[in-house]
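For reference, target30.cif (mmCIF, C-alpha atoms and all ligand atoms):
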```cif
data_upload
loop_
_atom_site.label_atom_id
_atom_site.label_comp_id
_atom_site.auth_asym_id
_atom_site.auth_seq_id
_atom_site.Cartn_x
_atom_site.Cartn_y
_atom_site.Cartn_z
CA MET J 1 103.62 119.47 82.37
CA ASP J 2 102.02 117.74 79.38
CA LEU J 3 104.50 114.96 78.71
CA LEU J 4 102.51 113.50 75.84
CA ASN J 5 102.50 116.72 73.92
CA LEU J 6 105.88 118.04 74.94
CA ASP J 7 107.86 117.87 71.71
CA VAL J 8 111.48 118.62 72.54
CA THR J 9 112.43 118.70 68.86
CA GLU J 10 110.37 121.84 68.39
CA PRO J 11 110.92 124.18 71.31
CA PRO J 12 108.12 126.64 71.96
CA ALA J 13 108.45 129.89 70.09
CA PRO J 14 109.09 133.04 72.14
CA ARG J 15 106.24 135.50 72.38
CA THR J 16 106.11 137.33 69.07
CA ARG J 17 106.82 140.58 70.87
CA SER J 18 108.95 140.18 73.96
CA LYS J 19 110.23 142.89 76.28
CA LEU J 20 113.98 143.40 76.40
CA LEU J 21 115.56 145.53 79.10
CA ILE J 22 118.79 147.37 78.23
CA VAL J 23 120.74 148.57 81.29
CA ASP J 24 123.56 150.95 80.43
CA SER J 25 124.46 154.45 81.63
CA SER J 26 125.66 155.45 78.16
CA ASP J 27 123.03 156.78 75.76
CA THR J 28 125.33 155.92 72.87
CA ASN J 29 125.62 152.28 73.93
CA ARG J 30 121.89 151.94 74.45
CA CYS J 31 121.21 153.43 71.03
CA ALA J 32 123.74 151.11 69.39
CA LEU J 33 122.13 148.08 71.03
CA LYS J 34 118.65 149.23 70.11
CA ALA J 35 119.76 149.58 66.51
CA ALA J 36 121.29 146.09 66.59
CA LEU J 37 118.07 144.60 67.96
CA GLY J 38 115.77 146.61 65.71
CA GLU J 39 114.95 143.79 63.30
CA LEU J 40 113.57 141.62 66.10
CA GLU J 41 110.73 144.07 66.65
CA HIS J 42 110.67 143.36 70.37
CA GLU J 43 109.71 146.08 72.80
CA ILE J 44 112.75 147.77 74.32
CA VAL J 45 112.78 149.11 77.86
CA GLU J 46 115.77 151.20 78.98
CA ALA J 47 117.45 151.83 82.31
CA ALA J 48 120.55 153.88 83.10
CA SER J 49 121.38 152.17 86.41
CA THR J 50 120.66 148.96 88.29
CA SER J 51 118.13 150.63 90.58
CA GLU J 52 116.25 151.88 87.52
CA ALA J 53 116.52 148.34 86.15
CA ILE J 54 114.92 146.86 89.29
CA SER J 55 111.99 149.26 88.93
CA ALA J 56 111.69 148.41 85.24
CA ILE J 57 111.62 144.66 85.95
CA SER J 58 108.97 145.00 88.61
CA PHE J 59 106.88 147.40 86.51
CA HIS J 60 107.18 145.79 83.07
CA LYS J 61 107.03 142.07 82.40
CA VAL J 62 110.59 141.88 81.12
CA ASP J 63 111.64 138.75 79.18
CA LEU J 64 115.40 139.32 78.89
CA VAL J 65 118.01 141.68 80.33
CA LEU J 66 121.05 143.08 78.54
CA ILE J 67 123.29 144.82 81.06
CA ASP J 68 126.57 146.65 80.80
CA SER J 69 129.25 144.97 82.90
CA VAL J 70 129.99 148.34 84.56
CA ALA J 71 126.39 149.49 84.97
CA PRO J 72 126.16 152.10 87.79
CA GLU J 73 125.63 150.88 91.36
CA LEU J 74 125.81 147.08 91.31
CA GLY J 75 127.56 146.39 88.01
CA GLY J 76 126.41 143.75 85.54
CA ALA J 77 127.67 140.60 87.27
CA GLU J 78 126.36 141.48 90.72
CA PHE J 79 123.00 142.55 89.32
CA CYS J 80 122.81 139.26 87.46
CA ARG J 81 123.63 137.30 90.63
CA MET J 82 120.83 139.09 92.44
CA LEU J 83 118.29 138.27 89.71
CA LYS J 84 119.32 134.61 89.60
CA LYS J 85 118.94 134.31 93.39
CA ALA J 86 115.39 135.65 93.44
CA THR J 87 112.68 133.06 92.78
CA ALA J 88 110.66 135.45 90.62
CA THR J 89 113.57 136.24 88.28
CA GLN J 90 115.77 133.14 88.48
CA PHE J 91 114.87 132.06 84.92
CA LEU J 92 115.07 135.55 83.42
CA PRO J 93 117.87 135.44 80.80
CA VAL J 94 120.66 137.91 81.50
CA PHE J 95 123.29 138.97 78.95
CA VAL J 96 126.28 140.84 80.37
CA ILE J 97 128.01 143.12 77.88
CA ALA J 98 131.56 144.36 78.49
CA PRO J 99 133.40 147.21 76.74
CA CYS J 100 136.14 144.85 75.59
CA GLU J 101 137.41 141.29 75.88
CA ASP J 102 138.33 140.62 79.50
CA ILE J 103 138.59 137.10 80.80
CA ASP J 104 138.18 138.12 84.47
CA ASN J 105 135.03 140.03 83.62
CA GLU J 106 133.71 137.08 81.64
CA VAL J 107 134.39 134.56 84.42
CA ARG J 108 132.74 136.87 86.96
CA ALA J 109 129.63 137.18 84.80
CA ILE J 110 129.34 133.46 84.09
CA GLU J 111 129.89 132.62 87.76
CA ALA J 112 127.09 135.05 88.60
CA GLY J 113 124.78 133.01 86.36
CA ALA J 114 124.84 135.14 83.18
CA ASP J 115 123.34 133.36 80.19
CA GLU J 116 125.67 135.13 77.74
CA PHE J 117 128.77 137.32 77.91
CA LEU J 118 129.20 139.67 74.95
CA THR J 119 131.66 142.44 74.14
CA HIS J 120 131.26 145.74 72.31
CA PRO J 121 130.82 146.20 69.46
CA VAL J 122 128.20 143.44 69.42
CA HIS J 123 127.58 141.65 66.15
CA PRO J 124 123.91 142.39 65.37
CA ARG J 125 123.06 139.03 63.76
CA ALA J 126 124.84 137.02 66.45
CA VAL J 127 123.24 138.90 69.33
CA ARG J 128 119.79 138.62 67.72
CA ALA J 129 120.21 134.86 67.29
CA ARG J 130 121.33 134.46 70.90
CA ILE J 131 118.43 136.54 72.16
CA GLN J 132 115.93 134.47 70.20
CA ALA J 133 117.47 131.22 71.52
CA SER J 134 117.26 132.47 75.12
CA LEU J 135 113.68 133.65 74.66
CA ARG J 136 112.69 130.23 73.28
CA HIS J 137 114.23 128.58 76.33
CA LYS J 138 112.42 130.98 78.64
CA ALA J 139 109.12 130.35 76.84
CA MET J 140 109.53 126.63 77.50
CA ILE J 141 110.27 127.16 81.19
CA ASP J 142 107.31 129.54 81.45
CA SER J 143 105.05 126.85 79.99
CA LEU J 144 105.87 124.39 82.78
CA ASP J 145 103.87 124.39 85.93
CA HIS J 146 106.49 125.08 88.56
CA SER J 147 105.01 122.77 91.18
CA GLU J 148 104.70 119.89 88.75
CA THR J 149 108.27 120.38 87.65
CA VAL J 150 109.37 120.13 91.27
CA LEU J 151 107.39 116.92 91.77
CA PHE J 152 108.80 115.26 88.67
CA SER J 153 112.30 116.25 89.79
CA LEU J 154 111.56 114.73 93.18
CA ALA J 155 110.38 111.51 91.55
CA GLN J 156 113.53 111.43 89.47
CA SER J 157 115.64 111.87 92.60
CA VAL J 158 113.96 108.76 94.07
CA GLU J 159 114.93 106.80 90.97
CA GLU J 160 118.47 108.16 91.08
CA ARG J 161 118.93 106.92 94.65
CA ASP J 162 118.93 103.40 93.27
CA PRO J 163 121.33 103.05 90.34
CA SER J 164 120.03 99.55 89.60
CA LEU J 165 116.71 101.04 88.49
CA GLY J 166 118.24 102.67 85.42
CA GLN J 167 115.46 104.33 83.45
CA HIS J 168 112.74 102.36 85.21
CA CYS J 169 110.24 105.22 85.35
CA GLN J 170 110.77 106.09 81.71
CA ARG J 171 110.16 102.49 80.62
CA LEU J 172 107.10 102.26 82.83
CA ALA J 173 105.66 105.46 81.43
CA LEU J 174 106.09 104.11 77.91
CA MET J 175 104.63 100.67 78.61
CA ALA J 176 101.70 101.95 80.64
CA ALA J 177 100.81 104.61 78.06
CA ALA J 178 101.02 102.03 75.25
CA MET J 179 98.67 99.73 77.17
CA GLY J 180 96.27 102.59 77.73
CA VAL J 181 96.19 103.42 74.03
CA ASN J 182 95.76 99.75 73.18
CA LEU J 183 92.75 99.59 75.50
CA GLY J 184 91.24 102.63 73.81
CA LEU J 185 91.38 104.78 76.94
CA PRO J 186 90.77 108.52 76.53
CA PRO J 187 93.87 110.73 76.16
CA GLN J 188 93.62 112.15 79.68
CA GLU J 189 93.81 108.62 81.14
CA VAL J 190 96.74 107.74 78.90
CA LEU J 191 98.44 110.89 80.13
CA ALA J 192 97.69 109.84 83.73
CA LEU J 193 99.35 106.48 83.03
CA GLN J 194 102.40 108.17 81.62
CA ARG J 195 102.66 110.49 84.61
CA GLY J 196 102.00 107.55 86.91
CA GLY J 197 105.07 105.88 85.41
CA TYR J 198 107.17 108.69 86.83
CA LEU J 199 105.31 109.42 90.05
CA HIS J 200 104.05 106.05 91.34
CA ASP J 201 106.96 105.54 93.77
CA ILE J 202 107.48 109.18 94.74
CA GLY J 203 106.49 108.25 98.32
CA LYS J 204 109.77 106.33 98.61
CA VAL J 205 111.40 109.69 99.16
CA ALA J 206 110.26 109.21 102.78
CA VAL J 207 111.63 105.67 103.11
CA PRO J 208 115.11 105.62 104.67
CA ASP J 209 118.02 104.11 102.74
CA TYR J 210 118.64 101.40 105.35
CA ILE J 211 115.18 100.01 104.54
CA LEU J 212 115.12 100.73 100.82
CA PHE J 213 118.48 99.08 100.22
CA LYS J 214 118.48 96.44 102.96
CA PRO J 215 120.05 93.33 101.43
CA GLY J 216 118.16 90.89 103.67
CA PRO J 217 114.47 90.49 104.50
CA LEU J 218 112.70 93.41 106.12
CA THR J 219 111.42 93.21 109.69
CA PRO J 220 107.63 93.62 110.06
CA GLU J 221 108.16 97.22 111.20
CA GLU J 222 110.44 97.98 108.24
CA TRP J 223 107.95 96.39 105.86
CA GLU J 224 105.20 98.66 107.18
CA ILE J 225 107.37 101.69 106.48
CA MET J 226 108.17 100.39 103.00
CA LYS J 227 104.47 99.79 102.25
CA SER J 228 103.61 103.30 103.40
CA HIS J 229 105.21 104.72 100.23
CA ALA J 230 101.92 104.31 98.38
CA GLN J 231 99.95 106.52 100.77
CA ARG J 232 102.83 108.92 101.28
CA GLY J 233 103.13 109.35 97.51
CA GLU J 234 99.43 110.04 97.21
CA ARG J 235 99.73 112.64 99.97
CA ILE J 236 102.71 114.35 98.32
CA CYS J 237 100.84 114.75 95.02
CA SER J 238 97.38 115.39 96.43
CA SER J 239 97.79 119.16 96.69
CA MET J 240 97.96 119.48 92.90
CA ARG J 241 94.61 119.40 91.17
CA SER J 242 96.19 118.57 87.82
CA LEU J 243 97.55 115.33 89.31
CA ALA J 244 94.17 114.13 90.59
CA PRO J 245 93.86 111.44 87.86
CA VAL J 246 97.26 110.06 88.88
CA LEU J 247 96.46 109.68 92.61
CA PRO J 248 94.63 106.31 92.31
CA ILE J 249 97.63 104.91 90.44
CA ILE J 250 100.02 106.08 93.14
CA ARG J 251 97.89 104.78 96.00
CA HIS J 252 96.82 101.46 94.52
CA HIS J 253 99.73 100.20 92.41
CA HIS J 254 100.45 97.48 95.00
CA GLU J 255 96.92 96.13 95.42
CA ARG J 256 96.39 92.51 94.38
CA TRP J 257 93.54 91.01 92.31
CA ASP J 258 92.77 88.53 95.17
CA GLY J 259 92.62 91.31 97.76
CA ALA J 260 95.92 90.52 99.47
CA GLY J 261 97.73 93.69 98.37
CA TYR J 262 98.14 97.07 100.04
CA PRO J 263 97.27 99.67 101.25
CA ASP J 264 93.48 99.06 101.06
CA ARG J 265 93.30 95.33 100.20
CA LEU J 266 91.08 96.14 97.24
CA LYS J 267 89.93 93.15 95.23
CA GLY J 268 89.32 92.53 91.50
CA GLU J 269 87.81 95.45 89.66
CA GLU J 270 87.68 97.50 92.87
CA ILE J 271 91.31 98.20 92.02
CA PRO J 272 91.35 101.19 89.65
CA LEU J 273 92.10 100.05 86.09
CA LEU J 274 94.96 102.52 85.67
CA ALA J 275 96.64 101.15 88.80
CA ARG J 276 96.29 97.58 87.48
CA ILE J 277 97.86 98.62 84.19
CA LEU J 278 100.80 100.36 85.80
CA GLN J 279 101.31 97.45 88.16
CA LEU J 280 101.81 94.97 85.31
CA ALA J 281 104.36 97.25 83.66
CA ASP J 282 106.08 97.70 87.05
CA ILE J 283 106.30 93.96 87.68
CA TYR J 284 107.49 93.20 84.15
CA ASP J 285 110.19 95.85 84.32
CA ALA J 286 111.36 94.68 87.75
CA LEU J 287 111.59 91.10 86.46
CA THR J 288 113.47 91.97 83.27
CA THR J 289 115.97 94.29 84.99
CA ALA J 290 119.03 93.01 86.86
CA ARG J 291 119.01 94.00 90.53
CA PRO J 292 121.74 93.48 93.15
CA TYR J 293 119.80 90.51 94.51
CA LYS J 294 118.76 88.90 91.21
CA PRO J 295 119.68 88.61 87.54
CA ALA J 296 117.42 89.93 84.78
CA PHE J 297 114.80 87.46 83.55
CA SER J 298 114.22 87.23 79.82
CA SER J 299 111.04 88.75 78.45
CA GLU J 300 109.57 85.27 77.91
CA GLU J 301 110.43 84.21 81.49
CA ALA J 302 108.92 87.41 82.87
CA ALA J 303 105.74 86.91 80.82
CA GLN J 304 105.51 83.35 82.11
CA ILE J 305 105.88 84.49 85.72
CA ILE J 306 103.16 87.13 85.24
CA ARG J 307 100.84 84.58 83.60
CA SER J 308 101.39 82.17 86.50
CA GLU J 309 100.58 84.98 88.94
CA ALA J 310 97.32 85.56 87.05
CA GLU J 311 96.53 81.83 87.32
CA ARG J 312 97.10 82.04 91.08
CA GLY J 313 94.56 84.86 91.22
CA TRP J 314 97.05 87.65 91.92
CA ARG J 315 96.64 89.64 88.70
CA ASP J 316 93.81 90.71 86.41
CA PRO J 317 93.75 87.77 83.95
CA LYS J 318 92.30 89.67 80.96
CA LEU J 319 94.76 92.50 81.38
CA VAL J 320 97.65 90.04 81.63
CA ILE J 321 96.68 88.50 78.26
CA MET J 322 96.57 91.93 76.64
CA PHE J 323 99.86 92.93 78.25
CA CYS J 324 101.63 89.77 77.09
CA ASP J 325 100.29 90.35 73.56
CA LEU J 326 101.97 93.75 73.54
CA LEU J 327 105.27 92.56 74.98
CA PRO J 328 107.19 92.24 71.70
CA MET J 329 106.88 96.02 71.41
CA PHE J 330 108.66 96.55 74.70
CA ARG J 331 111.65 94.25 74.27
CA THR J 332 114.54 96.63 74.10
CA HIS J 333 117.34 97.82 76.32
CA THR J 334 117.31 101.34 74.92
CA PRO J 335 114.00 102.96 75.80
CA PRO J 336 113.30 106.17 73.95
CA ASP J 337 112.94 109.52 75.61
CA VAL J 338 109.32 109.41 76.74
CA SER J 339 109.05 113.18 76.56
CA ARG J 340 109.24 112.78 72.78
CA ILE J 341 106.28 110.47 72.50
CA SER J 342 103.26 111.92 70.84
CA LEU J 343 99.95 110.27 71.55
CA ASN J 344 99.20 109.99 67.85
CA ALA J 345 102.53 108.29 67.11
CA LEU J 346 101.82 105.84 69.91
CA ALA J 347 98.31 105.08 68.67
CA GLU J 348 99.43 104.67 65.05
CA SER J 349 102.23 102.37 66.07
CA ILE J 350 99.93 100.15 68.11
CA GLU J 351 97.42 100.07 65.27
CA ARG J 352 100.13 98.94 62.86
CA TYR J 353 101.29 96.42 65.41
CA ARG J 354 97.78 95.03 65.85
CA LYS J 355 97.34 94.60 62.11
CA THR J 356 100.58 92.65 61.75
CA PRO J 357 99.61 88.97 61.74
CA GLY J 358 101.63 86.68 64.00
CA SER J 359 103.33 89.58 65.67
CA ILE J 360 103.56 87.78 69.00
CA GLN J 361 105.50 84.91 67.49
CA ARG J 362 107.83 87.14 65.48
CA SER J 363 109.87 88.39 68.36
CA SER J 364 113.36 88.97 67.04
CA ALA J 365 115.34 91.71 68.75
CA GLN J 366 115.48 93.70 65.53
CA ARG J 367 111.73 93.66 65.12
CA SER J 368 111.20 94.70 68.72
CA SER J 369 113.64 97.50 68.41
CA ASP J 370 111.98 98.74 65.22
CA GLU J 371 108.56 98.61 66.86
CA LEU J 372 109.71 100.59 69.83
CA LYS J 373 111.34 103.19 67.63
CA ARG J 374 108.03 103.58 65.86
CA VAL J 375 106.19 103.83 69.19
CA SER J 376 108.51 106.60 70.26
CA GLY J 377 108.06 108.42 66.99
CA LEU J 378 111.84 108.71 66.67
FE FE J 401 105.77 101.01 94.57
#
```
Show me, as C-alpha cells, the structure contained in the file I just sent.
Amino acid sequence: MDLLNLDVTEPPAPRTRSKLLIVDSSDTNRCALKAALGELEHEIVEAASTSEAISAISFHKVDLVLIDSVAPELGGAEFCRMLKKATATQFLPVFVIAPCEDIDNEVRAIEAGADEFLTHPVHPRAVRARIQASLRHKAMIDSLDHSETVLFSLAQSVEERDPSLGQHCQRLALMAAAMGVNLGLPPQEVLALQRGGYLHDIGKVAVPDYILFKPGPLTPEEWEIMKSHAQRGERICSSMRSLAPVLPIIRHHHERWDGAGYPDRLKGEEIPLLARILQLADIYDALTTARPYKPAFSSEEAAQIIRSEAERGWRDPKLVIMFCDLLPMFRTHTPPDVSRISLNALAESIERYRKTPGSIQRSSAQRSSDELKRVSGL
C-alpha cells in the first residue's frame, strides 16, 4: 500500500470496461437492465439462475453482480451472503434487485452484505451512478496488497489497545517522513519511514496486556518480554518483500547511540539511519503526549530533554539538532490524515519552511498549525 501516493480525495477510477453480471430468470428483466446500463459501455454477462451465476463468476472476471431477489435456487440475499463469505469474492459488489418495495426483503439483503438494494423499475441514471461508485470502491480495494492491508490493520489494533496513544502512529509517520525529506533521502526511504511510523511497534501484538499496561515497574522477566517486541515485529513483517526497507526500523528503533539500547546494542552509525530518525519522533511524541503515568511535556520541554539525552551520548547529536530545527512544524494537536500526504507537498512545505528566516523562534500555535496544514497538503 503506497501511503505517500494514496490520494483519498481522488479515488481510483474503475476499469474503463468492467464486467457486470446480471442474474435474473426473466429475459424481460435482464433486457430492461441491460438497456438501463447501456450508456456505461461495460461488458454484460448474463445468468438465469444462481448456479449459472457461480459458473459465470468463476469463468469471467466479474466486477459487480446485479441479482434478482428471487433468482432461482438460492435467491438474491442468500447468493449474496455466500459471495461475501468467500475470500475470493468478499469484496465483489452485489446489488440485489426486488420486484417491488419490501422492507423485509431489503433488510434480508442488507444483512446478507448487499452493497445496494434496488427495486424495479430501476432508475437508469441512479443505478448507473451507484454502479460507478461501487466499481471505484472495488478498484481501490483491488489496488491494495491484501497482506499489507492485514499488517497495517494489525498495527492499528496494537495502537487501539492503548487509548492513551491517540494517533501516535499517524503523528510518527508524519514526523519521520518530514525528517526524511528534510535530509534529502530518496522517496523509497521516506516511504519506509512513513510505513515505519505505523509498523514499528507491531511486535507488541505479542506482549500481554498485564505487561504492556502494568502501572508499576516491570520485573526483569517482564522487561525481556517487552523488549522482544522489536524482534517479534521484524519477524511478523519479514515475510513481505515490499516491507524489507522497513525491517531495520522495526528491529532497531530502540537502539541507543552509546550502544546501551536493544536488541543488538548497536552503537553510533551502526544503527540504521532510518531507525534513528523514527526513534527521535517516537521519543518526542511520547514526551509530548499525556500518558496515565505522566502529563504531557510542552514541545520546548521535550526538545530540551532530547537535547540533554544527546549530550549524555544517548542520541545522534547531529540528527537531534536537525529534528529540533523542524519541531515548530510538528506542534499541533490535530495531526492530518497521513494517507493524504503527497511526497511533493511535503517537500515543498519543508523547502518553504527552510527559507523562512527565524522560523525556529517564531513558534506561535497559529504558525505551527499553518505549517502542518501545508505539510499535509490539506
Ligand atoms: Fe517500540
- Task: Provide the atom CA of J:Ser69 to atom CA of J:Pro99 distance in Å, to one decimal place.
- Result: 7.8 Å
- Message: If we count all atoms listed in the file and set the cut-off at 10 Å, which residues sit around J:Gln304, ignoring sequence neighbours fewer than 6 positions away in its own chain? Please answer as an MDAnalysis selection string.
- Response: chainID J and resid 298 310 324
For stretch 198-215 of chain J: contacts at 6 Å, all atoms listed in the file, fewer than 6 positions along chain excluded, given as a compact mmCIF listing (two decimals) with C-alpha atoms, in the coordinates of the input:
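Saved as around_38.txt:
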```txt
# COMPACT_ATOMS: atom_id res chain seq x y z
CA ALA J 155 110.38 111.51 91.55
CA VAL J 158 113.96 108.76 94.07
CA CYS J 169 110.24 105.22 85.35
CA HIS J 229 105.21 104.72 100.23
CA ARG J 232 102.83 108.92 101.28
CA GLY J 233 103.13 109.35 97.51
CA ILE J 250 100.02 106.08 93.14
```
- Atom pair atom CA of J:Gln231 / atom CA of J:Ala173: separation (Å): 20.2 Å
- Item | Selected residue of minimal separation from J:Phe59 among J:Glu222, J:Gly180, J:Lys19, J:Ile277, counting all atoms listed in the file |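 Nearest to J:Phe59: J:Lys19.
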- Message: Can you pull out the residues contacting J:Gly268? Cut-off 10 Å, using only C-alpha atoms, and skip same-chain residues under 5 positions away; I want them as a PyMOL selection string.
- Response: chain J and resi 255-259+273+276+313-317
- Task: Grab the atom CA of J:Glu300 to atom CA of J:Leu183 distance for me, in Å with one decimal place.
- Result: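 About the pair atom CA of J:Glu300 and atom CA of J:Leu183: they are 22.2 Å apart.
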- Message: Would you pick out the contacts of stretch 84-94 of chain J at 6 Å or less, using all atoms listed in the file, so that residues sharing its chain but fewer than 5 positions from it are not included, and give the list as an MDAnalysis selection string?
- Response: chainID J and resid 64:66 114:115
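Between ligand FE 401 (chain J) and the residues J:Ser228, J:Gln156, J:Ser18, J:Ser49, the shortest atom-to-atom distance, using only C-alpha atoms and all ligand atoms, involves J:Ser228.
When all atoms listed in the file are used to compute distances to ligand FE 401 (chain J), the closest of the residues J:Ile306, J:Ala230, J:Leu280, J:Ala56 turns out to be J:Ala230.
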- Shortest interatomic distance to ligand FE 401 (chain J) - which of J:Pro328, J:Glu301, J:His168, J:Pro295, counting only C-alpha atoms and all ligand atoms: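 Closest to ligand FE 401 (chain J), using only C-alpha atoms and all ligand atoms: J:His168.
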- Item | Proximity to ligand FE 401 (chain J) - best of J:Glu221, J:Asp104, J:Glu78, J:Glu234, all atoms listed in the file |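 Ranking J:Glu221, J:Asp104, J:Glu78, J:Glu234 by distance to ligand FE 401 (chain J), first place goes to J:Glu234.
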